[in-house]
Amino acid sequence: MLTIHLSRAFLLSIAFLVFCSTPLFAIERSTSWDIPGEAKQRQNPILPTQASIGRGILVYAKNCQVCHGSRGDGDGPSSLSLGVAMANFMDPAIQRQSDGSLYWKITVGRRAMPNWQLQLSEEDRWHVVNFLRTMFSASDQHGGTHDDATSK
Ligand code: HEC
């Protein structure tokens, strides 16, 4: 009798814990993408040369296009099945962010956005930042000379 009693109490407390932790998880995962100050200010060590952007195209086509789409507007085939709001790289709010911020977001990910820290080398993550800037910036469509918009 006693054992039945105890195990029921045990099960109930487990159920209670699960119940409590689920919404906490949801809250934690939906918090804003707080970028540490030093990550924001981190300088891109790789110049947006043709070679870098070329490498960025390859990285993007292989890893990112499935969600973000060939036009960077979040129109990739996986965006439908995921049913989540995809980032639109043409959005000035994204282009206004520093290279360091974009790099950090690519590195850590959030929700449906994967974490690329282990999948891509540091260089490839910077190359893809250079590519996003050049390719999807409304004012710099053709990837000519690139002024670094981020000031010190
Ligand atoms: C599985 C789908 C998926 C893949 C693959 C993916 N992303 Fe994302 N990405 C997302 C989603 C969804 C968001 C929005 C996440 C959020 O707001 O919580 C996002 C957000 C971003 C952002 C932040 C934009 C902003 O709002 O500031 C950047 C930058 C980005 N992705 C770059 C990349 C790069 C580069 C790759 C390839 C290396 C990539 N993503 C691959 C789904 C994906």
# chains A, B, ... in the order shown; residues from 1 in each chain; ligands from 1
$ select_by_dssp --residues "range 9-132 of chain A" --states "helix (DSSP H, G or I)" --output "PyMOL selection string"
chain A and resi 9-29+37-41+50-63+65-68+77-82+92-95+99-108+122-132
$ closest_atom_pairs --of "chain A" --to "ligand 1" --cutoff "6 Å" --atoms "only C-alpha atoms and all ligand atoms" --output "tab-separated table"
residue	atom	partner	partner_atom_place_in_ligand_line	distance
A:Tyr60	CA	ligand 1	37 (C)	5.4
A:Asn63	CA	ligand 1	37 (C)	4.6
A:Cys64	CA	ligand 1	37 (C)	3.5
A:Val66	CA	ligand 1	5 (C)	5.9
A:Cys67	CA	ligand 1	2 (C)	4.4
A:Val84	CA	ligand 1	12 (C)	5.7
A:Ala85	CA	ligand 1	12 (C)	5.8
A:Met86	CA	ligand 1	12 (C)	4.4
A:Ala87	CA	ligand 1	20 (C)	4.9
A:Ile94	CA	ligand 1	27 (O)	5.0
A:Leu102	CA	ligand 1	29 (C)	4.7
A:Lys105	CA	ligand 1	29 (C)	5.7
A:Ile106	CA	ligand 1	32 (C)	5.2
A:Arg110	CA	ligand 1	18 (O)	4.8
A:Arg111	CA	ligand 1	18 (O)	5.1
A:Ala112	CA	ligand 1	12 (C)	4.4
A:Met113	CA	ligand 1	10 (C)	3.6
A:Pro114	CA	ligand 1	6 (C)	5.9
A:Val128	CA	ligand 1	35 (C)	5.6
$ closest_residue --among "A:Ser137, A:Phe89, A:Asn130, A:Thr107" --to "Ile35 in chain A" --atoms "only C-alpha atoms"
A:Thr107
$ closest_residue --among "A:Pro45, A:Gly74, A:Gly83, A:Gly109" --to "Trp33 in chain A" --atoms "only C-alpha atoms"
A:Gly109
$ closest_residue --among "A:Asp99, A:Asp73, A:Asp124, A:Asp91" --to "Lys40 in chain A" --atoms "only C-alpha atoms"
A:Asp99
$ residues_around --residues "Met90 in chain A" --least-positions-apart "4" --cutoff "12 Å" --atoms "only C-alpha atoms" --output "list in words"
His68, Gly69, Ser70, Arg71, Gly72, Asp73, Gly74, Met86, Ile94, Gln95, Arg96, Leu132, Arg133, Thr134, Met135, Phe136, Ser137, Ala138, Ser139, Asp140 and Gln141 of chain A
